[in-house]
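Reading through the structure tokens given below for one structure.
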Amino acid sequence: MKYISTRSPIAPVSSMQAIIAGIAPDGGLYLPETQPAFSLDQITALTDLSYPQRALRILQPFLPDYTPADLTTAVLATYSGGRFDHPSVAPLRRLDPDTYILELWHGPTSAFKDMALQILPHLLVSALRGQGEEKEVVILVATSGDTGKAALEGFRDVPSTRVIVFFPEQGVSQVQKLQMLTQAGGNLHVVAVSDANFDDAQNGVKAIFANRELIVSADKRGFRFTSANSINWGRLVPQIAYYFSAYADLLQSGAVSPGAPVNIAVPTGNFGNILAAWYAREMGLPVKTLICASNENRILTDFIRTGVYDTRRAFIKTSSPSMDILISSNLERLLYHLSGQDPALVNRWMAELKSAGAYRIPGEPLTALQAIFWADFCSEGETRQTIRQTWQDHAYLVDTHTAVALNVLSKYRRQTGDSSPTILASTASPFKFNQTVAEAVFGQEAVAGQDEFTLLNRLSQTTGWPIPENLRDLQHKPVRHQTVCHPAEMQAEVSRILGGIA
Ligand SMILES: *Cc1c(COP(=O)(O)O)cnc(C)c1O
């Protein structure tokens with residue numbers, strides 16, 4: 001299987017080349033020429049397998065140029081041996097007879113990004129070896145909080161790699177910020193971007209990928225840039241696996257019979273996680289509707305309802321910061337499919353987005369989009385209310401992002417009457433966004449003036465759930481990264497870190 005670009009008919013590349021490059025030379029995103037198909041028998045056969053074995057079945061057809069031995073080593077090193085603090089890796093928990101929470105946050109940084117960023121270094125290192133690449137790979141990351149920490153943890157001290165993370169200084173939670181600033185590792189750099197939001201940081205990184213001069217100069221010094229954001233295909237493909245795994249768990253428990261359709265609800269920001277669910281559906285997983293949940297940055301809700309993607313609106317800072325995004329990069333891959341696989345059309349929409357800040361897709365692709373996707377958003381008040389209600393009704397604690405999806409799922413059910421069993425992607429541990437979670441559970445007055453670390457302990461005592469390893473004692477760890485820059489200085493910062501290139 002080869003990989004092509006969303007934006008122009010470039011010569012197809014291998015999966016290793018796509019993963020090393022991160023982004024296509026025309027600025028587009030790589031995607032597979034075709035999707036492998038899974039029969040119902042193949043899906044049913046997953047029930048008897050462990051998580052690493054299931055992941056291997058999904059990864060193999062997408063990554064045919066990797067040796068089976070390399071892929072096996074990668075899935076075992078990632079998903080077994082205790083890097084995830086749950087034996088099932090991504091357990092499915094029944095909230096009520098129709099709602100199944102897919103807990104994706106049992107990895108070392110307590111957010112779902114670990115599911116892909118723990119395996120990506122293995123895939124990248126094998127690809128570098130397979131391609132005879134001798135340069136040091138510099139992984140540039142823009143983060144709204146969770147990707148940065150997960151990339152740092154995944155690539156820590158991985159030979160031949162170096163990571164530079166940019167995060168909006170005011171745009172992440174206290175816990176997220178400390179997680180990154182206290183990160184140890186000899187090949188890691190963390191830069192706070194001041195007076196910026198996530199889109200500014202992401203645009204800054206994209207500008208570096210588009211800067212020929214800088215790339216050539218880095219190349220001469222033995223460096224090669226790549227991305228660990230979900231624009232990298234190596235991030236997307238491991239995420240497809242957990243949707244198959246969740247369905248296999250439903251089969252195993254008898255909650256659904258083979259072939260019975262389910263819905264999937266996903267709290268969405270950059271559109272990577274829900275796009276993985278879309279790929280799973282294309283490959284034959286019995287999925288009816290994909291429910292796209294947004295916070296008050298409701299740009300995807302508007303797009304899915306009207307076909308107009310319009311960034312000319314205020315950026316709102318919410319309690320679910322990992323979804324505070326106005327440019328959802330991965331939507332471009334879906335647009336390619338909706339366009340009838342017409343890169344010229346995608347290129348035009350992306351050019352309009354860049355020049356005018358908006359584009360509109362016509363009736364036919366819009367109808368195709370709405371046949372699969374349903375979208376709504378959740379206000380800040382509703383987020384807190386959902387956390388409180390879920391705790392009261394089910395003694396189950398959800399984080400702010402998961403709450404957004406639960407709220408939108410309830411709206412979907414009310415408006416459509418569809419009560420099909422639903423897999424809901426839970427994307428972070430509630431302890432990671434504990435300020436809002438604690439306010440919701442204990443009441444605003446009861447937590448006033450208490451810092452996030454006191455609240456962490458209170459939440460743990462109340463629920464009886466242990467604080468995840470990586471969040472314990474965070475406030476006592478030494479701060480190792482101090483660099484701050486403006487968005488306009490990001491390229492200069494990269495040059496400085498790499499020893500004065502360009
Ligand atoms: C990244 C993230 C999201 C959004 O996922 P996308 O793939 O960017 O849509 C949602 N919740 C949490 C906790 C995240 O870290």
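Going by the structure tokens order, chains are called A, B, ..., each with residues numbered from 1, while ligands are numbered from 1 in the order shown.
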
Region 50-86 of chain A near region 112-121 of chain A within 9 Å: what's each residue's closest atom pair and its distance in Å to one decimal, counting only C-alpha atoms, ordered by chain then ascending residue number, as CSV?
```
residue,atom,partner,partner_atom,distance
A:Ala74,CA,A:Ile119,CA,6.4
A:Val75,CA,A:Ile119,CA,7.0
A:Ala77,CA,A:Ile119,CA,8.1
A:Thr78,CA,A:Ile119,CA,5.7
A:Tyr79,CA,A:Ile119,CA,8.4
A:Arg83,CA,A:Gln118,CA,8.8
A:Phe84,CA,A:Asp114,CA,8.9
```

Set the distance at 8 Å and use only C-alpha atoms: which residues neighbour region 185-192 of chain A once local chain neighbours fewer than 3 positions away are removed? I'd like the list as an mmCIF file with N, CA, C and O atoms, in the first residue's frame.
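The resulting file, result-v3.cif, is shown below:
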```cif
data_model
loop_
_atom_site.group_PDB
_atom_site.id
_atom_site.type_symbol
_atom_site.label_atom_id
_atom_site.label_comp_id
_atom_site.auth_asym_id
_atom_site.auth_seq_id
_atom_site.Cartn_x
_atom_site.Cartn_y
_atom_site.Cartn_z
ATOM 1 N N LEU A 152 7.070 14.115 24.195
ATOM 2 C CA LEU A 152 8.291 14.165 25.010
ATOM 3 C C LEU A 152 8.531 12.813 25.673
ATOM 4 O O LEU A 152 9.641 12.274 25.664
ATOM 5 N N ARG A 156 11.654 10.370 24.546
ATOM 6 C CA ARG A 156 12.732 10.646 25.500
ATOM 7 C C ARG A 156 13.924 9.717 25.264
ATOM 8 O O ARG A 156 13.787 8.494 25.299
ATOM 9 N N ASP A 157 15.092 10.326 24.979
ATOM 10 C CA ASP A 157 16.340 9.587 24.801
ATOM 11 C C ASP A 157 16.284 8.525 23.702
ATOM 12 O O ASP A 157 17.084 7.577 23.724
ATOM 13 N N VAL A 158 15.360 8.673 22.747
ATOM 14 C CA VAL A 158 15.378 7.780 21.581
ATOM 15 C C VAL A 158 16.513 8.244 20.668
ATOM 16 O O VAL A 158 16.550 9.404 20.261
ATOM 17 N N THR A 161 17.002 11.078 17.440
ATOM 18 C CA THR A 161 15.835 11.967 17.402
ATOM 19 C C THR A 161 16.011 13.102 18.398
ATOM 20 O O THR A 161 16.740 12.987 19.396
ATOM 21 N N ARG A 162 15.350 14.207 18.086
ATOM 22 C CA ARG A 162 15.329 15.356 18.960
ATOM 23 C C ARG A 162 13.925 15.952 18.873
ATOM 24 O O ARG A 162 13.333 15.944 17.796
ATOM 25 N N VAL A 163 13.393 16.411 19.978
ATOM 26 C CA VAL A 163 12.024 16.922 19.971
ATOM 27 C C VAL A 163 12.016 18.386 20.397
ATOM 28 O O VAL A 163 12.677 18.753 21.376
ATOM 29 N N ILE A 164 11.298 19.214 19.646
ATOM 30 C CA ILE A 164 11.085 20.604 20.049
ATOM 31 C C ILE A 164 9.573 20.830 20.143
ATOM 32 O O ILE A 164 8.866 20.717 19.142
ATOM 33 N N VAL A 165 9.102 21.122 21.350
ATOM 34 C CA VAL A 165 7.664 21.309 21.586
ATOM 35 C C VAL A 165 7.363 22.788 21.794
ATOM 36 O O VAL A 165 8.025 23.454 22.593
ATOM 37 N N PHE A 166 6.375 23.296 21.089
ATOM 38 C CA PHE A 166 5.882 24.660 21.291
ATOM 39 C C PHE A 166 4.474 24.591 21.880
ATOM 40 O O PHE A 166 3.602 23.925 21.326
ATOM 41 N N PHE A 167 4.260 25.288 23.007
ATOM 42 C CA PHE A 167 2.898 25.318 23.553
ATOM 43 C C PHE A 167 2.494 26.757 23.863
ATOM 44 O O PHE A 167 3.348 27.577 24.207
ATOM 45 N N PRO A 168 1.199 27.101 23.724
ATOM 46 C CA PRO A 168 0.755 28.456 24.050
ATOM 47 C C PRO A 168 0.843 28.676 25.564
ATOM 48 O O PRO A 168 0.214 27.941 26.330
ATOM 49 N N GLU A 169 1.648 29.650 25.971
ATOM 50 C CA GLU A 169 1.967 29.812 27.389
ATOM 51 C C GLU A 169 0.716 29.918 28.269
ATOM 52 O O GLU A 169 0.666 29.373 29.359
ATOM 53 N N MET A 180 5.027 19.272 31.142
ATOM 54 C CA MET A 180 6.016 19.502 30.070
ATOM 55 C C MET A 180 7.297 20.121 30.618
ATOM 56 O O MET A 180 8.400 19.722 30.251
ATOM 57 N N LEU A 181 7.165 21.134 31.487
ATOM 58 C CA LEU A 181 8.345 21.872 31.939
ATOM 59 C C LEU A 181 9.259 21.040 32.836
ATOM 60 O O LEU A 181 10.432 21.360 32.997
ATOM 61 N N HIS A 481 12.818 23.424 31.799
ATOM 62 C CA HIS A 481 12.733 24.185 30.545
ATOM 63 C C HIS A 481 12.213 25.584 30.845
ATOM 64 O O HIS A 481 11.199 25.734 31.527
ATOM 65 N N GLN A 482 12.940 26.616 30.331
ATOM 66 C CA GLN A 482 12.598 27.996 30.693
ATOM 67 C C GLN A 482 12.343 28.881 29.480
ATOM 68 O O GLN A 482 12.008 30.038 29.621
ATOM 69 N N THR A 483 12.543 28.355 28.267
ATOM 70 C CA THR A 483 12.519 29.204 27.073
ATOM 71 C C THR A 483 11.110 29.713 26.771
ATOM 72 O O THR A 483 10.147 28.963 26.817
ATOM 73 N N VAL A 484 11.039 31.007 26.456
ATOM 74 C CA VAL A 484 9.780 31.623 26.037
ATOM 75 C C VAL A 484 10.061 32.404 24.759
ATOM 76 O O VAL A 484 11.111 33.035 24.639
ATOM 77 N N CYS A 485 9.154 32.357 23.783
ATOM 78 C CA CYS A 485 9.333 33.199 22.603
ATOM 79 C C CYS A 485 7.984 33.653 22.068
ATOM 80 O O CYS A 485 6.948 33.121 22.461
#
```

Just want the residues within 6 Å of ligand 1, written as an MDAnalysis selection string, counting only C-alpha atoms and all ligand atoms. chainID A and resid 111 146 267:273 322:323 401 427:428

Produce a file of the selected residues containing N, CA and C atoms, as an mmCIF file, in the first residue's frame.
```
data_model
loop_
_atom_site.group_PDB
_atom_site.id
_atom_site.type_symbol
_atom_site.label_atom_id
_atom_site.label_comp_id
_atom_site.auth_asym_id
_atom_site.auth_seq_id
_atom_site.Cartn_x
_atom_site.Cartn_y
_atom_site.Cartn_z
ATOM 1 N N ALA A 111 -3.362 10.977 28.847
ATOM 2 C CA ALA A 111 -4.258 11.446 27.781
ATOM 3 C C ALA A 111 -4.174 10.474 26.603
ATOM 4 N N ASP A 146 -1.635 18.226 25.477
ATOM 5 C CA ASP A 146 -1.468 16.784 25.660
ATOM 6 C C ASP A 146 -0.487 16.160 24.669
ATOM 7 N N PRO A 267 -14.898 13.480 21.408
ATOM 8 C CA PRO A 267 -14.616 14.901 21.675
ATOM 9 C C PRO A 267 -13.503 15.363 20.729
ATOM 10 N N THR A 268 -13.794 16.346 19.905
ATOM 11 C CA THR A 268 -12.956 16.595 18.733
ATOM 12 C C THR A 268 -12.291 17.966 18.738
ATOM 13 N N GLY A 269 -11.006 17.974 18.323
ATOM 14 C CA GLY A 269 -10.257 19.220 18.185
ATOM 15 C C GLY A 269 -9.632 19.303 16.810
ATOM 16 N N ASN A 270 -8.497 18.603 16.652
ATOM 17 C CA ASN A 270 -7.780 18.607 15.374
ATOM 18 C C ASN A 270 -8.332 17.578 14.396
ATOM 19 N N PHE A 271 -9.379 16.867 14.774
ATOM 20 C CA PHE A 271 -10.103 15.920 13.919
ATOM 21 C C PHE A 271 -9.335 14.623 13.658
ATOM 22 N N GLY A 272 -8.293 14.355 14.464
ATOM 23 C CA GLY A 272 -7.529 13.133 14.249
ATOM 24 C C GLY A 272 -8.238 11.901 14.775
ATOM 25 N N ASN A 273 -8.722 11.995 16.017
ATOM 26 C CA ASN A 273 -9.324 10.847 16.671
ATOM 27 C C ASN A 273 -10.586 10.399 15.939
ATOM 28 N N SER A 322 -7.667 21.105 25.109
ATOM 29 C CA SER A 322 -7.134 20.299 24.003
ATOM 30 C C SER A 322 -8.064 20.330 22.796
ATOM 31 N N MET A 323 -9.232 20.933 22.956
ATOM 32 C CA MET A 323 -10.163 21.090 21.839
ATOM 33 C C MET A 323 -10.362 22.554 21.476
ATOM 34 N N HIS A 401 -13.097 17.009 28.616
ATOM 35 C CA HIS A 401 -13.252 16.661 27.200
ATOM 36 C C HIS A 401 -14.262 15.533 27.023
ATOM 37 N N THR A 427 -10.947 10.793 26.497
ATOM 38 C CA THR A 427 -9.622 11.154 26.000
ATOM 39 C C THR A 427 -8.621 11.578 27.067
ATOM 40 N N ALA A 428 -9.070 11.815 28.289
ATOM 41 C CA ALA A 428 -8.097 12.181 29.334
ATOM 42 C C ALA A 428 -8.574 11.688 30.687
#
```

Note to self: With only C-alpha atoms as the counted atoms, please give the residues lying no more than 8 Å from Ala248 (chain A), apart from itself and same-chain residues fewer than 3 positions off, as a ChimeraX atom specification.
What the structure shows: /A:43-44,46-47,244-245,251-252

Could you write out, as a PDB file with C-alpha atoms, in the first residue's frame, all the residues of region 320-411 of chain A that DSSP marks as helix (DSSP H, G or I)?
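Result went into selection_31.pdb, see below:
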```pdb
ATOM      1  CA  PRO A 321      -8.214  23.245  26.172  1.00  0.00           C
ATOM      2  CA  SER A 322      -7.134  20.299  24.003  1.00  0.00           C
ATOM      3  CA  MET A 323     -10.163  21.090  21.839  1.00  0.00           C
ATOM      4  CA  LEU A 331     -10.296  17.504   8.257  1.00  0.00           C
ATOM      5  CA  GLU A 332      -8.228  17.885   5.085  1.00  0.00           C
ATOM      6  CA  ARG A 333      -7.969  14.105   4.778  1.00  0.00           C
ATOM      7  CA  LEU A 334     -11.740  13.722   4.970  1.00  0.00           C
ATOM      8  CA  LEU A 335     -12.174  16.556   2.454  1.00  0.00           C
ATOM      9  CA  TYR A 336     -10.045  14.603   0.012  1.00  0.00           C
ATOM     10  CA  HIS A 337     -12.460  11.691   0.185  1.00  0.00           C
ATOM     11  CA  LEU A 338     -15.538  13.938   0.109  1.00  0.00           C
ATOM     12  CA  PRO A 343      -6.651  17.026  -4.969  1.00  0.00           C
ATOM     13  CA  ALA A 344      -7.199  20.168  -7.084  1.00  0.00           C
ATOM     14  CA  LEU A 345     -10.478  20.800  -5.271  1.00  0.00           C
ATOM     15  CA  VAL A 346      -8.913  20.239  -1.837  1.00  0.00           C
ATOM     16  CA  ASN A 347      -6.103  22.562  -2.812  1.00  0.00           C
ATOM     17  CA  ARG A 348      -8.638  25.253  -3.716  1.00  0.00           C
ATOM     18  CA  TRP A 349     -10.501  24.940  -0.411  1.00  0.00           C
ATOM     19  CA  MET A 350      -7.219  25.089   1.530  1.00  0.00           C
ATOM     20  CA  ALA A 351      -6.120  28.147  -0.477  1.00  0.00           C
ATOM     21  CA  GLU A 352      -9.447  29.858   0.304  1.00  0.00           C
ATOM     22  CA  LEU A 353      -9.010  28.990   3.965  1.00  0.00           C
ATOM     23  CA  LYS A 354      -5.593  30.613   3.915  1.00  0.00           C
ATOM     24  CA  SER A 355      -6.521  33.742   1.951  1.00  0.00           C
ATOM     25  CA  ALA A 356     -10.114  34.397   3.078  1.00  0.00           C
ATOM     26  CA  GLY A 363     -24.166  20.146  -1.843  1.00  0.00           C
ATOM     27  CA  GLU A 364     -22.961  16.722  -2.917  1.00  0.00           C
ATOM     28  CA  PRO A 365     -19.996  16.351  -0.559  1.00  0.00           C
ATOM     29  CA  LEU A 366     -22.031  18.005   2.196  1.00  0.00           C
ATOM     30  CA  THR A 367     -24.758  15.377   1.846  1.00  0.00           C
ATOM     31  CA  ALA A 368     -22.120  12.638   1.939  1.00  0.00           C
ATOM     32  CA  LEU A 369     -20.629  14.208   5.087  1.00  0.00           C
ATOM     33  CA  GLN A 370     -23.977  14.490   6.846  1.00  0.00           C
ATOM     34  CA  ALA A 371     -24.862  10.892   6.024  1.00  0.00           C
ATOM     35  CA  ILE A 372     -22.113   9.763   8.401  1.00  0.00           C
ATOM     36  CA  GLU A 380     -18.957  25.531  29.618  1.00  0.00           C
ATOM     37  CA  GLY A 381     -21.952  25.307  31.973  1.00  0.00           C
ATOM     38  CA  GLU A 382     -23.093  22.054  30.383  1.00  0.00           C
ATOM     39  CA  THR A 383     -19.582  20.611  30.713  1.00  0.00           C
ATOM     40  CA  ARG A 384     -19.601  21.116  34.500  1.00  0.00           C
ATOM     41  CA  GLN A 385     -23.192  19.938  34.782  1.00  0.00           C
ATOM     42  CA  THR A 386     -22.326  16.734  32.876  1.00  0.00           C
ATOM     43  CA  ILE A 387     -19.318  15.996  35.103  1.00  0.00           C
ATOM     44  CA  ARG A 388     -21.470  16.507  38.222  1.00  0.00           C
ATOM     45  CA  GLN A 389     -24.396  14.460  36.900  1.00  0.00           C
ATOM     46  CA  THR A 390     -22.214  11.587  35.708  1.00  0.00           C
ATOM     47  CA  TRP A 391     -20.581  11.424  39.126  1.00  0.00           C
ATOM     48  CA  GLN A 392     -23.946  11.521  40.929  1.00  0.00           C
ATOM     49  CA  ASP A 393     -25.681   8.999  38.677  1.00  0.00           C
ATOM     50  CA  HIS A 394     -22.890   6.529  38.015  1.00  0.00           C
ATOM     51  CA  THR A 400     -13.845  17.984  30.738  1.00  0.00           C
ATOM     52  CA  HIS A 401     -13.252  16.661  27.200  1.00  0.00           C
ATOM     53  CA  THR A 402     -15.073  13.413  27.844  1.00  0.00           C
ATOM     54  CA  ALA A 403     -17.911  15.418  29.406  1.00  0.00           C
ATOM     55  CA  VAL A 404     -18.278  17.427  26.186  1.00  0.00           C
ATOM     56  CA  ALA A 405     -18.807  14.178  24.270  1.00  0.00           C
ATOM     57  CA  LEU A 406     -21.267  12.789  26.841  1.00  0.00           C
ATOM     58  CA  ASN A 407     -23.324  15.974  26.664  1.00  0.00           C
ATOM     59  CA  VAL A 408     -23.399  15.971  22.863  1.00  0.00           C
ATOM     60  CA  LEU A 409     -24.296  12.268  22.848  1.00  0.00           C
ATOM     61  CA  SER A 410     -27.317  13.010  25.029  1.00  0.00           C
ATOM     62  CA  LYS A 411     -28.360  15.765  22.605  1.00  0.00           C
TER      63      LYS A 411
END
```

Checklist line | Every residue of region 289-375 of chain A that DSSP places in strand (DSSP E or B), as a ChimeraX atom specification | finding: /A:289-294,308-310,358-360,373-375

Kindly save the residues from that selection, with C-alpha atoms included, as a CSV table (one decimal), in the first residue's frame.
```csv
chain,number,residue,atom,x,y,z
A,289,THR,CA,-23.1,7.5,13.0
A,290,LEU,CA,-19.9,9.3,14.0
A,291,ILE,CA,-20.9,11.9,16.6
A,292,CYS,CA,-18.5,14.9,16.5
A,293,ALA,CA,-18.6,16.8,19.8
A,294,SER,CA,-17.1,20.3,20.1
A,308,VAL,CA,-19.2,26.4,5.6
A,309,TYR,CA,-15.8,26.3,7.4
A,310,ASP,CA,-15.4,29.8,8.7
A,358,ALA,CA,-13.2,30.4,5.1
A,359,TYR,CA,-14.4,27.9,2.4
A,360,ARG,CA,-17.7,26.2,1.5
A,373,PHE,CA,-21.4,12.6,10.8
A,374,TRP,CA,-23.6,14.3,13.3
A,375,ALA,CA,-22.3,17.3,15.2
```

Would you pick out the contacts of region 62-64 of chain A at 10 Å or less, using only C-alpha atoms, so that residues sharing its chain but fewer than 4 positions from it are not included, and give the list as a PDB file with N, CA and C atoms, in the first residue's frame?
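selection.pdb, written as the output of this step:
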```pdb
ATOM      1  N   MET A   1       0.832  -1.207   0.000  1.00  0.00           N
ATOM      2  CA  MET A   1       0.000   0.000   0.000  1.00  0.00           C
ATOM      3  C   MET A   1       0.865   1.254   0.000  1.00  0.00           C
ATOM      4  N   LYS A   2       0.527   2.174  -0.888  1.00  0.00           N
ATOM      5  CA  LYS A   2       1.310   3.406  -1.003  1.00  0.00           C
ATOM      6  C   LYS A   2       0.506   4.598  -0.481  1.00  0.00           C
ATOM      7  N   TYR A   3       1.211   5.711  -0.289  1.00  0.00           N
ATOM      8  CA  TYR A   3       0.584   6.908   0.270  1.00  0.00           C
ATOM      9  C   TYR A   3       0.662   8.070  -0.717  1.00  0.00           C
ATOM     10  N   SER A  14       6.117   5.160   0.087  1.00  0.00           N
ATOM     11  CA  SER A  14       5.863   4.038   0.997  1.00  0.00           C
ATOM     12  C   SER A  14       5.422   4.567   2.354  1.00  0.00           C
ATOM     13  N   SER A  15       4.908   3.678   3.184  1.00  0.00           N
ATOM     14  CA  SER A  15       4.456   4.111   4.522  1.00  0.00           C
ATOM     15  C   SER A  15       5.646   4.635   5.334  1.00  0.00           C
ATOM     16  N   MET A  16       6.822   4.016   5.168  1.00  0.00           N
ATOM     17  CA  MET A  16       7.996   4.504   5.902  1.00  0.00           C
ATOM     18  C   MET A  16       8.336   5.937   5.486  1.00  0.00           C
ATOM     19  N   ILE A  19       5.832   8.371   6.979  1.00  0.00           N
ATOM     20  CA  ILE A  19       5.996   8.576   8.417  1.00  0.00           C
ATOM     21  C   ILE A  19       7.237   9.425   8.711  1.00  0.00           C
ATOM     22  N   PRO A  32      -3.595   6.888   2.719  1.00  0.00           N
ATOM     23  CA  PRO A  32      -3.420   5.654   1.959  1.00  0.00           C
ATOM     24  C   PRO A  32      -4.229   5.705   0.662  1.00  0.00           C
ATOM     25  N   THR A  34      -5.709   3.296  -0.827  1.00  0.00           N
ATOM     26  CA  THR A  34      -6.960   2.553  -0.634  1.00  0.00           C
ATOM     27  C   THR A  34      -7.030   2.155   0.838  1.00  0.00           C
ATOM     28  N   GLN A  35      -8.226   1.752   1.294  1.00  0.00           N
ATOM     29  CA  GLN A  35      -8.344   1.263   2.663  1.00  0.00           C
ATOM     30  C   GLN A  35      -8.405  -0.257   2.642  1.00  0.00           C
ATOM     31  N   PRO A  36      -7.636  -0.920   3.525  1.00  0.00           N
ATOM     32  CA  PRO A  36      -7.786  -2.372   3.615  1.00  0.00           C
ATOM     33  C   PRO A  36      -9.182  -2.697   4.162  1.00  0.00           C
ATOM     34  N   ARG A  57      -2.860  -6.588  13.951  1.00  0.00           N
ATOM     35  CA  ARG A  57      -3.741  -6.921  12.817  1.00  0.00           C
ATOM     36  C   ARG A  57      -4.135  -5.669  12.024  1.00  0.00           C
ATOM     37  N   ILE A  58      -4.354  -4.558  12.724  1.00  0.00           N
ATOM     38  CA  ILE A  58      -4.784  -3.326  12.046  1.00  0.00           C
ATOM     39  C   ILE A  58      -3.584  -2.636  11.388  1.00  0.00           C
ATOM     40  N   PRO A  68       7.382  -7.908   9.569  1.00  0.00           N
ATOM     41  CA  PRO A  68       6.506  -8.383  10.650  1.00  0.00           C
ATOM     42  C   PRO A  68       7.228  -8.375  11.997  1.00  0.00           C
ATOM     43  N   LEU A  71       7.224  -4.793  13.403  1.00  0.00           N
ATOM     44  CA  LEU A  71       5.903  -4.376  13.891  1.00  0.00           C
ATOM     45  C   LEU A  71       5.533  -5.099  15.178  1.00  0.00           C
ATOM     46  N   LEU A 123       7.978   3.216  15.227  1.00  0.00           N
ATOM     47  CA  LEU A 123       7.718   3.221  13.779  1.00  0.00           C
ATOM     48  C   LEU A 123       8.709   4.124  13.057  1.00  0.00           C
ATOM     49  N   TRP A 233       0.863  10.453   9.432  1.00  0.00           N
ATOM     50  CA  TRP A 233       0.073   9.223   9.300  1.00  0.00           C
ATOM     51  C   TRP A 233       0.392   8.220  10.418  1.00  0.00           C
ATOM     52  N   GLY A 234       1.631   8.244  10.890  1.00  0.00           N
ATOM     53  CA  GLY A 234       2.031   7.353  11.971  1.00  0.00           C
ATOM     54  C   GLY A 234       1.279   7.609  13.270  1.00  0.00           C
ATOM     55  N   VAL A 237      -2.744   5.881  12.338  1.00  0.00           N
ATOM     56  CA  VAL A 237      -3.016   4.461  12.154  1.00  0.00           C
ATOM     57  C   VAL A 237      -3.129   3.697  13.490  1.00  0.00           C
TER      58      VAL A 237
END
```

Residue with the minimum atom-to-atom distance to Ala150 (chain A), picked from A:Asn470, A:Glu136, A:Ala196, A:Ile231 with only C-alpha atoms counted, is A:Asn470

Of A:Ile361, A:Ile299, A:Leu498, A:Ala255, the one nearest to Ala314 (chain A) when counting only C-alpha atoms is A:Ile299

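The coordinates place CA of Ser329 (chain A) at 12.7 Å from CA of Thr311 (chain A).
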
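Note that the spacing between CA of Pro362 (chain A) and CA of Asp302 (chain A) amounts to 14.5 Å.
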
Return as JSON lines the residues of region 170-247 of chain A lying at most 10 Å from region 97-104 of chain A, together with the closest atom-to-atom pair for each and the distance in Å to one decimal, counting only C-alpha atoms, with rows in chain order and ascending residue number.
```
{"residue": "A:Gln239", "atom": "CA", "partner": "A:Leu104", "partner_atom": "CA", "distance": 9.9}
{"residue": "A:Tyr242", "atom": "CA", "partner": "A:Leu104", "partner_atom": "CA", "distance": 8.5}
{"residue": "A:Tyr243", "atom": "CA", "partner": "A:Leu102", "partner_atom": "CA", "distance": 8.6}
{"residue": "A:Ser245", "atom": "CA", "partner": "A:Leu102", "partner_atom": "CA", "distance": 9.7}
{"residue": "A:Ala246", "atom": "CA", "partner": "A:Leu102", "partner_atom": "CA", "distance": 6.9}
```

Output the selection as a PDB file, in the first residue's frame - C-alpha atoms for each residue.
```pdb
ATOM      1  CA  GLN A 239      -5.747   5.136  16.650  1.00  0.00           C
ATOM      2  CA  TYR A 242      -8.680   0.932  19.395  1.00  0.00           C
ATOM      3  CA  TYR A 243     -12.020   1.313  17.669  1.00  0.00           C
ATOM      4  CA  SER A 245     -10.639  -3.344  19.805  1.00  0.00           C
ATOM      5  CA  ALA A 246     -13.659  -1.672  21.440  1.00  0.00           C
TER       6      ALA A 246
END
```

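CA of Pro238 (chain A) lies 19.3 Å from CA of Val13 (chain A).
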
Notebook entry, point to check: Leaving out Gln202 (chain A) and any residue of its chain fewer than 3 positions from it, which residues lie within 8 Å of it when counting only C-alpha atoms, given as a count of residues only?
Noted result: 7

- Would you mind listing what lies within 7 Å of Ser429 (chain A) as a list in words, with only C-alpha atoms counted and same-chain residues fewer than 6 positions away left out? Trp105, Ser110, Ala111 and Asp399 of chain A

Counting only C-alpha atoms, closest pick from A:Ser160, A:Ser144, A:Gln461, A:Gln176 relative to Asp200 (chain A) is A:Ser144
